[in-house]
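Below is structure-v4.cif, holding mmCIF, C-alpha atoms.
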```
data_start
loop_
_atom_site.label_atom_id
_atom_site.label_comp_id
_atom_site.auth_asym_id
_atom_site.auth_seq_id
_atom_site.Cartn_x
_atom_site.Cartn_y
_atom_site.Cartn_z
CA MET C 1 6.13 4.42 15.35
CA ALA C 2 5.13 3.53 11.80
CA ARG C 3 7.64 2.65 9.12
CA VAL C 4 7.55 3.00 5.35
CA ALA C 5 7.31 -0.18 3.28
CA PHE C 6 8.57 0.25 -0.28
CA MET C 7 8.31 -2.23 -3.12
CA THR C 8 9.80 -1.70 -6.55
CA PHE C 9 8.44 -3.77 -9.42
CA GLY C 10 9.51 -3.96 -13.04
CA VAL C 11 9.49 -6.25 -16.04
CA LEU C 12 12.81 -6.78 -17.78
CA HIS C 13 12.92 -6.95 -21.57
CA GLU C 14 14.50 -10.38 -21.19
CA PRO C 15 14.73 -12.95 -18.36
CA ARG C 16 17.21 -12.23 -15.59
CA ALA C 17 19.82 -14.69 -16.96
CA HIS C 18 19.80 -13.11 -20.45
CA LEU C 19 22.84 -11.10 -21.55
CA LEU C 20 20.68 -7.99 -22.11
CA SER C 21 19.71 -8.03 -18.41
CA LYS C 22 23.30 -8.39 -17.21
CA GLY C 23 23.93 -4.66 -16.67
CA PHE C 24 20.96 -4.48 -14.32
CA ILE C 25 21.71 -7.75 -12.51
CA ASP C 26 25.36 -6.80 -12.02
CA ARG C 27 24.32 -3.56 -10.25
CA ILE C 28 22.09 -5.24 -7.66
CA PRO C 29 24.74 -6.02 -4.98
CA ALA C 30 26.19 -2.49 -5.06
CA ASN C 31 22.75 -0.91 -4.87
CA TYR C 32 21.81 -3.11 -1.91
CA GLU C 33 25.06 -2.15 -0.19
CA VAL C 34 24.40 1.58 -0.65
CA ALA C 35 20.77 1.18 0.45
CA GLU C 36 21.80 -0.65 3.62
CA ARG C 37 24.16 2.21 4.55
CA SER C 38 21.63 4.93 3.66
CA GLU C 39 20.09 7.14 6.29
CA GLY C 40 16.64 5.91 7.21
CA PHE C 41 17.12 2.38 5.87
CA ILE C 42 15.76 -0.26 8.25
CA ASP C 43 15.76 -3.64 6.49
CA ARG C 44 15.10 -5.52 3.26
CA SER C 45 14.05 -8.94 2.12
CA HIS C 46 17.02 -11.19 1.50
CA LEU C 47 17.37 -14.05 -0.96
CA ASP C 48 18.77 -17.27 0.48
CA PRO C 49 21.22 -18.50 -2.19
CA ASP C 50 20.91 -22.08 -0.99
CA THR C 51 17.12 -22.36 -1.03
CA GLY C 52 16.17 -19.59 -3.47
CA GLN C 53 13.60 -18.37 -0.93
CA HIS C 54 13.11 -14.77 0.12
CA SER C 55 13.14 -13.93 3.81
CA TRP C 56 9.88 -11.97 3.50
CA GLY C 57 7.86 -14.69 1.87
CA GLU C 58 6.80 -16.17 -1.39
CA LEU C 59 7.23 -14.12 -4.55
CA VAL C 60 3.93 -13.62 -6.33
CA CYS C 61 3.08 -11.59 -9.40
CA PRO C 62 0.16 -9.20 -9.66
CA ARG C 63 -2.96 -10.50 -11.36
CA PHE C 64 -2.65 -7.82 -14.04
CA LEU C 65 0.71 -9.18 -15.28
CA ALA C 66 0.62 -11.71 -18.13
CA GLU C 67 1.99 -15.06 -16.99
CA GLU C 68 4.57 -15.23 -19.77
CA LEU C 69 6.24 -12.13 -18.26
CA HIS C 70 6.65 -13.63 -14.77
CA PRO C 71 10.24 -14.85 -15.45
CA ASN C 72 11.20 -11.27 -16.39
CA VAL C 73 10.08 -9.67 -13.12
CA ALA C 74 12.54 -7.81 -10.90
CA ARG C 75 11.39 -6.52 -7.51
CA THR C 76 12.65 -5.36 -4.15
CA LEU C 77 10.96 -4.96 -0.78
CA THR C 78 12.46 -2.67 1.86
CA LEU C 79 11.60 -0.82 5.06
CA TRP C 80 12.50 2.83 5.72
CA GLN C 81 12.03 5.40 8.47
CA SER C 82 10.39 8.00 6.23
CA VAL C 83 9.18 8.76 2.73
CA GLU C 84 12.02 11.28 2.44
CA SER C 85 14.67 8.68 3.27
CA VAL C 86 13.50 6.26 0.59
CA LEU C 87 13.10 9.13 -1.88
CA ALA C 88 16.66 10.27 -1.13
CA PHE C 89 18.04 6.81 -1.86
CA SER C 90 15.85 6.16 -4.91
CA TYR C 91 16.68 9.33 -6.83
CA SER C 92 20.35 9.86 -6.08
CA GLY C 93 23.65 8.03 -6.36
CA LEU C 94 23.94 4.55 -7.81
CA HIS C 95 20.20 3.92 -7.77
CA ALA C 96 19.50 7.11 -9.72
CA GLU C 97 22.15 6.04 -12.24
CA ALA C 98 20.37 2.71 -12.68
CA LEU C 99 17.01 4.50 -13.06
CA GLY C 100 18.56 6.51 -15.88
CA LEU C 101 19.35 3.26 -17.68
CA ARG C 102 16.01 1.53 -17.03
CA LYS C 103 14.83 1.83 -20.66
CA GLU C 104 17.74 -0.43 -21.64
CA TRP C 105 16.59 -3.16 -19.25
CA PHE C 106 12.89 -2.70 -18.47
CA ARG C 107 9.69 -2.69 -20.50
CA LYS C 108 7.57 0.44 -20.38
CA THR C 109 4.41 -0.54 -18.54
CA GLU C 110 1.04 0.97 -17.73
CA PHE C 111 1.23 -0.10 -14.09
CA PRO C 112 3.20 1.56 -11.27
CA SER C 113 6.89 0.75 -10.85
CA HIS C 114 6.69 1.12 -7.08
CA VAL C 115 4.26 1.25 -4.20
CA ILE C 116 4.66 2.80 -0.75
CA TRP C 117 2.62 2.21 2.39
CA TRP C 118 2.96 2.56 6.16
CA VAL C 119 3.33 -0.45 8.44
CA ALA C 120 3.39 -0.81 12.20
CA ASP C 121 6.80 -0.82 13.85
CA SER C 122 6.57 -4.54 14.62
CA HIS C 123 5.26 -5.55 11.17
CA VAL C 124 7.44 -7.08 8.48
CA PRO C 125 5.74 -6.85 5.07
CA THR C 126 5.58 -9.84 2.75
CA PHE C 127 5.74 -10.05 -1.02
CA ILE C 128 2.12 -11.23 -1.03
CA GLU C 129 1.13 -8.09 0.88
CA SER C 130 3.25 -5.83 -1.30
CA THR C 131 1.81 -7.30 -4.49
CA ALA C 132 -1.70 -6.66 -3.17
CA GLN C 133 -0.67 -3.06 -2.45
CA LEU C 134 0.68 -2.66 -5.99
CA GLU C 135 -2.58 -4.05 -7.41
CA ARG C 136 -4.53 -1.61 -5.25
CA LEU C 137 -2.45 1.36 -6.38
CA TYR C 138 -2.86 0.32 -10.01
CA ALA C 139 -6.64 -0.19 -9.70
CA ASP C 140 -7.59 2.73 -7.45
CA GLY C 141 -4.76 5.24 -7.63
CA PRO C 142 -2.91 6.63 -4.61
CA CYS C 143 -4.68 6.27 -1.27
CA PRO C 144 -3.51 6.12 2.37
CA ASP C 145 -2.91 2.36 2.09
CA ALA C 146 -0.99 2.33 -1.22
CA PHE C 147 0.64 5.42 -2.68
CA ASN C 148 3.57 6.79 -4.67
CA PHE C 149 6.01 9.68 -4.39
CA LYS C 150 3.73 12.01 -6.38
CA ARG C 151 0.74 11.59 -4.05
CA PRO C 152 2.04 10.46 -0.65
CA PHE C 153 0.19 10.08 2.64
CA ASP C 154 1.45 10.33 6.20
CA SER C 155 1.21 7.52 8.74
CA GLU C 156 -2.18 8.83 9.89
CA GLY C 157 -3.61 8.52 6.37
CA ASN C 158 -3.55 12.23 5.55
CA PRO C 159 -2.21 13.60 2.26
CA MET C 160 1.26 14.96 2.83
CA ALA C 161 3.83 17.03 1.02
CA VAL C 162 7.19 15.36 0.68
CA ASP C 163 9.92 17.49 2.23
CA HIS C 164 12.17 17.66 -0.83
CA LEU C 165 14.75 19.81 0.99
CA LEU C 166 15.07 17.13 3.66
CA ALA C 167 15.32 14.43 0.96
CA ARG C 168 18.16 16.37 -0.71
CA GLU C 169 19.93 16.76 2.64
CA ILE C 170 19.63 13.02 3.29
CA ALA C 171 20.90 12.28 -0.22
CA ALA C 172 23.92 14.53 0.39
CA ARG C 173 24.69 12.69 3.63
CA ASN C 174 24.26 9.35 1.86
CA ALA C 175 26.72 10.41 -0.86
CA ARG C 176 29.60 9.91 1.56
CA PHE C 177 29.01 6.13 1.29
CA VAL C 178 29.60 5.94 -2.45
#
```
Can you present the structure in this file as structure tokens?
Amino acid sequence: MARVAFMTFGVLHEPRAHLLSKGFIDRIPANYEVAERSEGFIDRSHLDPDTGQHSWGELVCPRFLAEELHPNVARTLTLWQSVESVLAFSYSGLHAEALGLRKEWFRKTEFPSHVIWWVADSHVPTFIESTAQLERLYADGPCPDAFNFKRPFDSEGNPMAVDHLLAREIAARNARFV
């Protein structure tokens, strides 16, 4: 059974350690906690505090991002059971609250803020892979191998309609964890 890989990618106005980024940085642990308890969540890349390494590989930035902005990058990489489950988490609860505040923390960019793609059940995506998917989405637009919520594809590569009713039902069930 295929799983949904989901990477978020944004460029903060200031580096992560800057006071203006604090509101975003302070919300990360709570958002991870809610994600991990959300219906359809499978796994995420973890940062090892001792080594500074991510469990799903080396962090790389897309070729389209100016090098001076690399210290300001914030990203996540997660696995989900369905497009609806990641949609439910992304646009409800604590994460939706953070999205509402993103203008305070993140630069407005011309490139996508997320990329979605299907992976085999046994496959764990890497940041190198996810960055390539983001570059592909930015260059070519949504396709079966790299898409967004507006133009999703199913695991067979066919355009699909997101079941928004199901996503709302999942979000309602997830709300009990907040």
Can you turn the PyMOL selection byres ((chain C and resi 54) around 12) into a concrete residue list for this file, as JSON, numbers by chain?
-> {"C": [44, 45, 46, 47, 48, 49, 50, 51, 52, 53, 55, 56, 57, 58, 59, 60, 75, 76, 77, 125, 126, 127, 128]}
Expected selection from the PyMOL selection byres ((chain C and resi 131) around 10), given as a list in words |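 Those residues are Met7, Thr8, Phe9, Leu59, Val60, Cys61, Pro62, Arg63, Val115, Thr126, Phe127, Ile128, Glu129, Ser130, Ala132, Gln133, Leu134, Glu135, Arg136 and Leu137 of chain C.
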Distance of atom CA of Asp145 of chain C from atom CA of His123 of chain C, expressed in Å to one decimal place |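 Interatomic distance here is 14.6 Å.
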Find the residues near Arg176 of chain C: any atom within 10 Å, counting all atoms listed in the file, skip ones fewer than 5 places away on the same chain, and give them as a compact mmCIF listing (two decimals) with C-alpha atoms, in the frame of the given file.
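Wrote around-v8.txt, looks like this:
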```
# COMPACT_ATOMS: atom_id res chain seq x y z
CA ARG C 37 24.16 2.21 4.55
CA SER C 38 21.63 4.93 3.66
CA ALA C 171 20.90 12.28 -0.22
```
For the file shown, what are the residues hit by the PyMOL selection byres ((chain C and resi 12) around 7), laid out as JSON, numbers by chain?
-> {"C": [10, 11, 13, 14, 15, 72, 73, 74, 105, 106, 107]}
Polymer residues at most 10 Å from Pro159 of chain C, only C-alpha atoms, same-chain spacing of 5 or more positions, as a PyMOL selection string | chain C and resi 142-144+147+151-154
Got a sec: who's within 12 Å of Ile28 of chain C, counting all atoms listed in the file, leaving out chain neighbours fewer than 6 positions off, as JSON, numbers by chain?
-> {"C": [16, 21, 22, 34, 35, 74, 75, 76, 94, 95, 98]}
Just how far from atom CA of His164 of chain C is atom CA of Ser85 of chain C, in Å to one decimal?
->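 Separation of atom CA of Ser85 of chain C and atom CA of His164 of chain C: 10.2 Å.
Comparing C:Glu67, C:Asp43, C:Glu97, C:Glu104 by their smallest distance to Leu20 of chain C, the closest is C:Glu104 (using all atoms listed in the file).
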Between atom CA of Ala175 of chain C and atom CA of Gly93 of chain C, measure the distance and give it in Å to one decimal.
->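 Separating atom CA of Ala175 of chain C from atom CA of Gly93 of chain C is a distance of 6.7 Å.
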Could you give me, as a list in words, the residues that have an atom at most 9 Å away from the point (2.1, -7.5, -18.7) in the coordinates of the file, using only C-alpha atoms?
-> Val11, Phe64, Leu65, Ala66, Glu67, Glu68, Leu69, His70, Thr109, Glu110 and Phe111 of chain C
Keeping only C-alpha atoms, write those residues as a compact mmCIF listing (two decimals), in the coordinates of the input.
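In the end it all went to result_0.txt:
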```
# COMPACT_ATOMS: atom_id res chain seq x y z
CA VAL C 11 9.49 -6.25 -16.04
CA PHE C 64 -2.65 -7.82 -14.04
CA LEU C 65 0.71 -9.18 -15.28
CA ALA C 66 0.62 -11.71 -18.13
CA GLU C 67 1.99 -15.06 -16.99
CA GLU C 68 4.57 -15.23 -19.77
CA LEU C 69 6.24 -12.13 -18.26
CA HIS C 70 6.65 -13.63 -14.77
CA THR C 109 4.41 -0.54 -18.54
CA GLU C 110 1.04 0.97 -17.73
CA PHE C 111 1.23 -0.10 -14.09
```
Of C:Ser113, C:Glu84, C:Asn31, C:Arg3, the one sitting nearest Ala96 of chain C when using only C-alpha atoms is C:Asn31
